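Peer 1: There's a structure below that I have some questions on.
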Amino acid sequence: MGSAPSPLPSAHGTPTETVSAQVGSAVRPPLPVKMVVAGGFGVGKTTAVAAVSEIEPLTTEASITEVAAGIDDVSLTPNKTTTTVAMDFGCLTLDPTLKLYLFGTPGQDRFGFMWDDVTEGALGALVVVDSRRLDDCFPAVDYFERKGMPFAVAVNTFDGDLTHPLDAVREALDVAEEVPVLCFDARDSGSVRDSLVIVLEHALARAVAAA
Amino acid sequence: MSRQGGRSDPAGRRGGEPAGETHGAERAPAVRPFMVTDGRVAAEAGLPVETQVVATAEGLGQLGALAFERRAIVEICGTPLSLAEVAVKLRLHLNVVRVLAGDLRAGRLLAVHVPRSGTSSDIDVLRRVIDGLRAIPTSVGSRDAD
């Protein structure tokens, strides 16, 4: 049974495509949606996921596609290969029919940042930044820009210290004007929740503009 | 500090070392993933990590006839789980879960609900997620007044 399910444009309100034929009377699962929490090593990704997840963040292994170059033009990088990495995730049941998964993807990777396996179909991404080590997030920012995925840059304030003003961070990252740059506290569930909402509002604005 | 500077760094690696030779170095599981799947790699590689799987009545009814990982998957999927959760709970590689879920689906023991493509830019879905997030209680107070 190798053929891919054909995701027909189904009627609104259908939570998921049931790929298997009518088998038994399986429980109707919620619509799963996902967001990505990305950034360099030790910037607070796992902390942020833990702050809002209803389960202890779990770690699993996933395959990622690596590109053996960090240069802008992905078409010039034929050296794609697949490797296995650990990623954390958490989840939030928003209502019985809707479940949000958060995937924390490690960004410290000398081969760049091609997390297609995880990011495909994500609603958006939060790129977590430690403003003292700003370049750690460059691969993630580059990746989401190339992918055209809505994202926001969230400077983790750690102990309430914002070492660099947001304007300076925005300037250094050189992100598009519409990309939100904000500060948050990765330990605070409300702060993380609000940051995710900012990503989604950005995604919504883009979706509305494109509709 | 600018991103241009950061981006120029990996230039020396372009077309250089084959990245494929670096993986698997850290730790080898006792049972290699391909042994669990009879040597097959993920034919179901297209299944997103959040794909929901749930045991069918047939699957639960035939638990006794299943063994090892297949049985474990059906057993924990009495309520819907994502492939990622199954992988974590059973300590299996995600791609192993994908292959086995494909088998179990073919045998009608597991229902596999693949998310619709296009969900990520679906305006209704985005609104529902925003509303859902706003509604969750965040008891851990002390938010920055900002």
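We name chains A, B, ... following the order of the structure tokens; residues begin at 1 in each chain, and ligands are numbered from 1 as shown.
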Need to verify the contact set: B:Glu69, 12 Å, only C-alpha atoms, exclusion of same-chain residues closer than 4 positions in sequence. Can you return it as JSON, numbers by chain?
Peer 2: {"B": [31, 33, 35, 36, 37, 63, 73, 74, 75, 76, 86, 87, 89, 90, 91, 92, 93, 96, 97, 98, 99, 100, 101, 103, 104]}
Peer 1: Just write the chosen residues, N, CA, C and O atoms, as an mmCIF file, in the first residue's frame.
Peer 2:
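For reference, result.cif as written:
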```cif
data_model
loop_
_atom_site.group_PDB
_atom_site.id
_atom_site.type_symbol
_atom_site.label_atom_id
_atom_site.label_comp_id
_atom_site.auth_asym_id
_atom_site.auth_seq_id
_atom_site.Cartn_x
_atom_site.Cartn_y
_atom_site.Cartn_z
ATOM 1 N N VAL B 31 18.669 -2.862 18.451
ATOM 2 C CA VAL B 31 18.064 -3.432 17.254
ATOM 3 C C VAL B 31 18.016 -2.330 16.207
ATOM 4 O O VAL B 31 17.438 -1.285 16.433
ATOM 5 N N PRO B 33 16.923 -0.127 13.176
ATOM 6 C CA PRO B 33 15.564 0.141 12.684
ATOM 7 C C PRO B 33 15.157 -0.729 11.513
ATOM 8 O O PRO B 33 14.033 -1.200 11.444
ATOM 9 N N MET B 35 15.831 -3.690 10.884
ATOM 10 C CA MET B 35 15.478 -5.061 11.251
ATOM 11 C C MET B 35 14.014 -5.125 11.669
ATOM 12 O O MET B 35 13.322 -6.100 11.393
ATOM 13 N N VAL B 36 13.574 -4.076 12.325
ATOM 14 C CA VAL B 36 12.178 -4.039 12.753
ATOM 15 C C VAL B 36 11.250 -4.009 11.547
ATOM 16 O O VAL B 36 10.147 -4.531 11.570
ATOM 17 N N THR B 37 11.715 -3.398 10.490
ATOM 18 C CA THR B 37 10.850 -3.228 9.322
ATOM 19 C C THR B 37 11.184 -4.208 8.199
ATOM 20 O O THR B 37 10.849 -3.971 7.060
ATOM 21 N N LEU B 63 -5.269 -8.183 18.667
ATOM 22 C CA LEU B 63 -4.018 -7.896 19.382
ATOM 23 C C LEU B 63 -3.210 -9.158 19.625
ATOM 24 O O LEU B 63 -1.981 -9.166 19.464
ATOM 25 N N ILE B 73 2.053 -0.852 18.886
ATOM 26 C CA ILE B 73 1.458 0.323 18.237
ATOM 27 C C ILE B 73 -0.065 0.279 18.355
ATOM 28 O O ILE B 73 -0.705 1.250 18.768
ATOM 29 N N VAL B 74 -0.640 -0.867 17.992
ATOM 30 C CA VAL B 74 -2.099 -0.973 18.062
ATOM 31 C C VAL B 74 -2.568 -0.773 19.503
ATOM 32 O O VAL B 74 -3.558 -0.092 19.768
ATOM 33 N N GLU B 75 -1.798 -1.341 20.419
ATOM 34 C CA GLU B 75 -2.185 -1.308 21.818
ATOM 35 C C GLU B 75 -2.250 0.127 22.360
ATOM 36 O O GLU B 75 -3.195 0.480 23.069
ATOM 37 N N ILE B 76 -1.258 0.947 22.025
ATOM 38 C CA ILE B 76 -1.272 2.308 22.586
ATOM 39 C C ILE B 76 -2.166 3.256 21.797
ATOM 40 O O ILE B 76 -2.394 4.381 22.224
ATOM 41 N N VAL B 86 3.699 8.229 19.027
ATOM 42 C CA VAL B 86 3.913 6.784 19.011
ATOM 43 C C VAL B 86 5.406 6.480 19.039
ATOM 44 O O VAL B 86 5.882 5.623 19.791
ATOM 45 N N ALA B 87 6.168 7.224 18.235
ATOM 46 C CA ALA B 87 7.612 6.993 18.178
ATOM 47 C C ALA B 87 8.250 7.193 19.550
ATOM 48 O O ALA B 87 9.079 6.400 19.989
ATOM 49 N N LYS B 89 6.731 7.188 22.580
ATOM 50 C CA LYS B 89 6.244 6.268 23.612
ATOM 51 C C LYS B 89 6.862 4.882 23.461
ATOM 52 O O LYS B 89 7.104 4.194 24.445
ATOM 53 N N LEU B 90 7.081 4.481 22.219
ATOM 54 C CA LEU B 90 7.617 3.127 21.996
ATOM 55 C C LEU B 90 9.126 3.149 21.732
ATOM 56 O O LEU B 90 9.716 2.111 21.438
ATOM 57 N N ARG B 91 9.706 4.319 21.823
ATOM 58 C CA ARG B 91 11.149 4.460 21.574
ATOM 59 C C ARG B 91 11.546 3.885 20.220
ATOM 60 O O ARG B 91 12.515 3.141 20.095
ATOM 61 N N LEU B 92 10.773 4.209 19.233
ATOM 62 C CA LEU B 92 11.074 3.758 17.878
ATOM 63 C C LEU B 92 11.424 4.966 17.027
ATOM 64 O O LEU B 92 10.962 6.074 17.278
ATOM 65 N N HIS B 93 12.239 4.714 16.023
ATOM 66 C CA HIS B 93 12.523 5.780 15.073
ATOM 67 C C HIS B 93 11.234 6.128 14.344
ATOM 68 O O HIS B 93 10.430 5.251 14.012
ATOM 69 N N VAL B 96 10.471 4.143 11.328
ATOM 70 C CA VAL B 96 10.018 2.779 11.622
ATOM 71 C C VAL B 96 8.517 2.799 11.892
ATOM 72 O O VAL B 96 7.761 1.958 11.393
ATOM 73 N N VAL B 97 8.098 3.792 12.652
ATOM 74 C CA VAL B 97 6.667 3.912 12.948
ATOM 75 C C VAL B 97 5.887 4.135 11.656
ATOM 76 O O VAL B 97 4.806 3.574 11.456
ATOM 77 N N ARG B 98 6.455 4.928 10.770
ATOM 78 C CA ARG B 98 5.776 5.174 9.492
ATOM 79 C C ARG B 98 5.580 3.864 8.721
ATOM 80 O O ARG B 98 4.501 3.605 8.177
ATOM 81 N N VAL B 99 6.624 3.071 8.648
ATOM 82 C CA VAL B 99 6.541 1.814 7.897
ATOM 83 C C VAL B 99 5.517 0.880 8.536
ATOM 84 O O VAL B 99 4.651 0.322 7.863
ATOM 85 N N LEU B 100 5.625 0.737 9.856
ATOM 86 C CA LEU B 100 4.729 -0.200 10.534
ATOM 87 C C LEU B 100 3.285 0.293 10.495
ATOM 88 O O LEU B 100 2.350 -0.507 10.348
ATOM 89 N N ALA B 101 3.106 1.589 10.602
ATOM 90 C CA ALA B 101 1.743 2.123 10.523
ATOM 91 C C ALA B 101 1.161 1.836 9.141
ATOM 92 O O ALA B 101 -0.028 1.527 9.008
ATOM 93 N N ASP B 103 1.889 -0.763 7.282
ATOM 94 C CA ASP B 103 1.529 -2.185 7.305
ATOM 95 C C ASP B 103 0.191 -2.395 7.997
ATOM 96 O O ASP B 103 -0.683 -3.117 7.513
ATOM 97 N N LEU B 104 0.078 -1.775 9.159
ATOM 98 C CA LEU B 104 -1.123 -1.991 9.965
ATOM 99 C C LEU B 104 -2.347 -1.402 9.281
ATOM 100 O O LEU B 104 -3.447 -1.943 9.371
#
```
Peer 1: What's the separation between atom CA of A:Leu126 and atom CA of A:Phe158, in Å to one decimal place?
Peer 2: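 Taking atom CA of A:Leu126 and atom CA of A:Phe158, their separation equals 16.2 Å.
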Peer 1: Show me, as an MDAnalysis selection string, the residues that have an atom within 12 Å of B:Ala135 when counting only C-alpha atoms, minus same-chain residues fewer than 3 positions from it.
Peer 2: (chainID A and resid 92:95 190 193:194 197) or (chainID B and resid 128:132 138:139)
Peer 1: Can I get the selection written as a compact mmCIF listing (two decimals), in the first residue's frame, with C-alpha atoms?
Peer 2:
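That gives us part.txt:
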```
# COMPACT_ATOMS: atom_id res chain seq x y z
CA LEU A 92 -1.81 21.33 23.43
CA THR A 93 -5.37 20.14 23.06
CA LEU A 94 -7.16 23.33 22.11
CA ASP A 95 -10.51 21.61 21.94
CA GLY A 190 1.50 33.31 28.95
CA ARG A 193 1.38 31.57 24.25
CA ASP A 194 1.24 35.24 23.22
CA VAL A 197 -0.42 33.92 18.72
CA ARG B 128 -9.48 28.44 15.39
CA VAL B 129 -5.93 27.91 16.62
CA ILE B 130 -5.57 31.56 17.59
CA ASP B 131 -8.86 31.47 19.49
CA GLY B 132 -7.93 28.18 21.09
CA THR B 138 -2.04 30.42 31.74
CA SER B 139 -1.96 30.05 35.46
```
Peer 1: Do a neighbour search on B:Ala84 at 10 Å with only C-alpha atoms, toss out local chain neighbours closer than 3 positions, and write the hits as a VMD selection string.
Peer 2: (chain A and resid 58 to 62 87 to 90 101 103 118) or (chain B and resid 48 to 52 81 87 to 89 92 to 95 97 to 98)
Peer 1: Only N, CA and C atoms, please: the residues just picked out, written as a JSON list (two decimals), in the first residue's frame.
Peer 2:
```json
[["chain", "number", "residue", "atom", "x", "y", "z"],
["A", 58, "LEU", "N", 8.64, 15.72, 24.85],
["A", 58, "LEU", "CA", 9.19, 14.42, 24.52],
["A", 58, "LEU", "C", 10.27, 14.61, 23.47],
["A", 59, "THR", "N", 11.18, 13.68, 23.46],
["A", 59, "THR", "CA", 12.22, 13.74, 22.45],
["A", 59, "THR", "C", 12.11, 12.53, 21.56],
["A", 60, "THR", "N", 12.15, 12.76, 20.29],
["A", 60, "THR", "CA", 12.12, 11.64, 19.36],
["A", 60, "THR", "C", 13.18, 11.87, 18.31],
["A", 61, "GLU", "N", 13.41, 10.84, 17.54],
["A", 61, "GLU", "CA", 14.37, 10.98, 16.46],
["A", 61, "GLU", "C", 13.61, 11.18, 15.16],
["A", 62, "ALA", "N", 14.12, 12.05, 14.36],
["A", 62, "ALA", "CA", 13.47, 12.30, 13.08],
["A", 62, "ALA", "C", 14.54, 12.44, 12.03],
["A", 87, "MET", "N", 14.58, 15.58, 18.21],
["A", 87, "MET", "CA", 13.79, 16.81, 18.30],
["A", 87, "MET", "C", 12.82, 16.67, 19.47],
["A", 88, "ASP", "N", 12.47, 17.78, 20.06],
["A", 88, "ASP", "CA", 11.50, 17.71, 21.15],
["A", 88, "ASP", "C", 10.15, 18.15, 20.63],
["A", 89, "PHE", "N", 9.14, 17.62, 21.25],
["A", 89, "PHE", "CA", 7.85, 18.18, 20.93],
["A", 89, "PHE", "C", 6.93, 18.12, 22.13],
["A", 90, "GLY", "N", 5.95, 18.99, 22.07],
["A", 90, "GLY", "CA", 4.91, 19.01, 23.08],
["A", 90, "GLY", "C", 3.59, 19.19, 22.36],
["A", 101, "TYR", "N", 0.50, 20.72, 17.92],
["A", 101, "TYR", "CA", 1.80, 20.14, 18.24],
["A", 101, "TYR", "C", 2.88, 21.19, 18.07],
["A", 103, "PHE", "N", 6.92, 21.61, 17.75],
["A", 103, "PHE", "CA", 8.17, 20.88, 17.53],
["A", 103, "PHE", "C", 9.35, 21.81, 17.72],
["A", 118, "VAL", "N", 9.85, 17.96, 9.50],
["A", 118, "VAL", "CA", 9.07, 18.50, 10.60],
["A", 118, "VAL", "C", 8.27, 19.73, 10.17],
["B", 48, "PRO", "N", 3.07, 13.00, 7.42],
["B", 48, "PRO", "CA", 3.57, 14.03, 8.32],
["B", 48, "PRO", "C", 3.66, 13.51, 9.76],
["B", 49, "VAL", "N", 4.55, 14.11, 10.53],
["B", 49, "VAL", "CA", 4.79, 13.64, 11.89],
["B", 49, "VAL", "C", 3.55, 13.76, 12.77],
["B", 50, "GLU", "N", 2.64, 14.68, 12.41],
["B", 50, "GLU", "CA", 1.46, 14.87, 13.25],
["B", 50, "GLU", "C", 0.28, 14.00, 12.82],
["B", 51, "THR", "N", 0.48, 13.20, 11.77],
["B", 51, "THR", "CA", -0.57, 12.28, 11.31],
["B", 51, "THR", "C", -1.14, 11.49, 12.48],
["B", 52, "GLN", "N", -2.45, 11.46, 12.56],
["B", 52, "GLN", "CA", -3.10, 10.77, 13.67],
["B", 52, "GLN", "C", -3.37, 9.31, 13.32],
["B", 81, "LEU", "N", -3.31, 9.05, 18.43],
["B", 81, "LEU", "CA", -2.00, 9.62, 18.73],
["B", 81, "LEU", "C", -1.36, 10.04, 17.41],
["B", 87, "ALA", "N", 6.17, 7.22, 18.24],
["B", 87, "ALA", "CA", 7.61, 6.99, 18.18],
["B", 87, "ALA", "C", 8.25, 7.19, 19.55],
["B", 88, "VAL", "N", 7.83, 8.24, 20.23],
["B", 88, "VAL", "CA", 8.42, 8.53, 21.53],
["B", 88, "VAL", "C", 8.01, 7.48, 22.55],
["B", 89, "LYS", "N", 6.73, 7.19, 22.58],
["B", 89, "LYS", "CA", 6.24, 6.27, 23.61],
["B", 89, "LYS", "C", 6.86, 4.88, 23.46],
["B", 92, "LEU", "N", 10.77, 4.21, 19.23],
["B", 92, "LEU", "CA", 11.07, 3.76, 17.88],
["B", 92, "LEU", "C", 11.42, 4.97, 17.03],
["B", 93, "HIS", "N", 12.24, 4.71, 16.02],
["B", 93, "HIS", "CA", 12.52, 5.78, 15.07],
["B", 93, "HIS", "C", 11.23, 6.13, 14.34],
["B", 94, "LEU", "N", 11.08, 7.40, 14.07],
["B", 94, "LEU", "CA", 9.87, 7.88, 13.41],
["B", 94, "LEU", "C", 9.61, 7.13, 12.10],
["B", 95, "ASN", "N", 10.66, 6.88, 11.35],
["B", 95, "ASN", "CA", 10.46, 6.20, 10.07],
["B", 95, "ASN", "C", 10.05, 4.74, 10.24],
["B", 97, "VAL", "N", 8.10, 3.79, 12.65],
["B", 97, "VAL", "CA", 6.67, 3.91, 12.95],
["B", 97, "VAL", "C", 5.89, 4.14, 11.66],
["B", 98, "ARG", "N", 6.45, 4.93, 10.77],
["B", 98, "ARG", "CA", 5.78, 5.17, 9.49],
["B", 98, "ARG", "C", 5.58, 3.86, 8.72]]
```
Peer 1: Apply DSSP to the structure's backbone, then extract all residues of stretch 24-136 of chain B labelled strand (DSSP E) and return them as a ChimeraX atom specification.
Peer 2: /B:52-55,81-82,110-114
Peer 1: For stretch 34-43 of chain A, work out the shell of residues within 7 Å, counting only C-alpha atoms and skipping chain neighbours fewer than 3 positions away, then give it as an mmCIF file with N, CA and C atoms, in the first residue's frame.
Peer 2:
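The resulting file, selection_3.cif, is shown below:
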```
data_model
loop_
_atom_site.group_PDB
_atom_site.id
_atom_site.type_symbol
_atom_site.label_atom_id
_atom_site.label_comp_id
_atom_site.auth_asym_id
_atom_site.auth_seq_id
_atom_site.Cartn_x
_atom_site.Cartn_y
_atom_site.Cartn_z
ATOM 1 N N LEU A 100 -2.779 21.073 18.875
ATOM 2 C CA LEU A 100 -1.599 21.787 18.378
ATOM 3 C C LEU A 100 -0.338 21.073 18.863
ATOM 4 N N TYR A 101 0.504 20.720 17.918
ATOM 5 C CA TYR A 101 1.800 20.138 18.244
ATOM 6 C C TYR A 101 2.879 21.194 18.074
ATOM 7 N N LEU A 102 3.787 21.211 19.015
ATOM 8 C CA LEU A 102 4.920 22.135 18.935
ATOM 9 C C LEU A 102 6.191 21.317 18.785
ATOM 10 N N PHE A 103 6.925 21.613 17.751
ATOM 11 C CA PHE A 103 8.168 20.884 17.529
ATOM 12 C C PHE A 103 9.351 21.813 17.718
ATOM 13 N N GLY A 104 10.206 21.443 18.628
ATOM 14 C CA GLY A 104 11.434 22.205 18.845
ATOM 15 C C GLY A 104 12.549 21.580 18.034
ATOM 16 N N THR A 105 13.073 22.340 17.098
ATOM 17 C CA THR A 105 14.088 21.782 16.217
ATOM 18 C C THR A 105 15.437 22.395 16.532
ATOM 19 N N PRO A 106 16.394 21.563 16.836
ATOM 20 C CA PRO A 106 17.732 22.083 17.132
ATOM 21 C C PRO A 106 18.312 22.762 15.908
ATOM 22 N N GLY A 107 18.902 23.896 16.119
ATOM 23 C CA GLY A 107 19.393 24.655 14.974
ATOM 24 C C GLY A 107 20.894 24.660 14.853
ATOM 25 N N GLN A 108 21.547 24.095 15.835
ATOM 26 C CA GLN A 108 23.003 24.127 15.773
ATOM 27 C C GLN A 108 23.468 22.980 14.901
ATOM 28 N N THR A 119 8.875 20.544 9.325
ATOM 29 C CA THR A 119 8.269 21.841 9.058
ATOM 30 C C THR A 119 7.180 21.792 7.995
ATOM 31 N N ALA A 122 3.570 23.054 8.568
ATOM 32 C CA ALA A 122 3.446 23.789 9.831
ATOM 33 C C ALA A 122 2.746 25.123 9.592
ATOM 34 N N LEU A 123 2.014 25.584 10.606
ATOM 35 C CA LEU A 123 1.313 26.857 10.487
ATOM 36 C C LEU A 123 2.283 28.019 10.492
ATOM 37 N N GLY A 124 3.374 27.860 11.211
ATOM 38 C CA GLY A 124 4.345 28.932 11.307
ATOM 39 C C GLY A 124 5.433 28.551 12.283
ATOM 40 N N ALA A 125 6.379 29.459 12.449
ATOM 41 C CA ALA A 125 7.531 29.155 13.298
ATOM 42 C C ALA A 125 7.866 30.323 14.203
ATOM 43 N N LEU A 126 8.339 29.968 15.372
ATOM 44 C CA LEU A 126 8.875 30.958 16.301
ATOM 45 C C LEU A 126 10.378 30.712 16.357
ATOM 46 N N VAL A 127 11.141 31.709 15.939
ATOM 47 C CA VAL A 127 12.597 31.571 15.990
ATOM 48 C C VAL A 127 13.076 32.213 17.286
ATOM 49 N N VAL A 128 13.561 31.399 18.189
ATOM 50 C CA VAL A 128 13.987 31.881 19.500
ATOM 51 C C VAL A 128 15.436 32.348 19.407
ATOM 52 N N VAL A 129 15.675 33.504 19.995
ATOM 53 C CA VAL A 129 16.969 34.149 19.837
ATOM 54 C C VAL A 129 17.522 34.543 21.200
ATOM 55 N N ASP A 130 18.813 34.306 21.378
ATOM 56 C CA ASP A 130 19.548 34.900 22.487
ATOM 57 C C ASP A 130 20.325 36.059 21.868
ATOM 58 N N ASP A 136 23.508 32.572 15.995
ATOM 59 C CA ASP A 136 22.998 31.204 16.116
ATOM 60 C C ASP A 136 21.654 31.010 15.415
ATOM 61 N N CYS A 137 20.913 32.086 15.275
ATOM 62 C CA CYS A 137 19.582 31.929 14.684
ATOM 63 C C CYS A 137 19.578 32.193 13.185
ATOM 64 N N ALA A 140 18.165 29.433 10.945
ATOM 65 C CA ALA A 140 16.715 29.263 11.060
ATOM 66 C C ALA A 140 15.984 30.370 10.303
#
```
Peer 1: How far is it from atom CA of A:His202 to atom CA of A:Gly148, in Å with one decimal?
Peer 2: 12.4 Å
Peer 1: Measuring between only C-alpha atoms, which one of B:Leu83, B:Ser120, B:Gly59, B:Arg134 shows the shortest distance to chain A?
Peer 2: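 Distance minimum relative to chain A lands on B:Ser120.
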Peer 1: Could you tell me how far atom CA of B:Thr119 sits from atom CA of A:Pro30, in Å to one decimal place?
Peer 2: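 Taking atom CA of A:Pro30 and atom CA of B:Thr119, their separation equals 13.3 Å.
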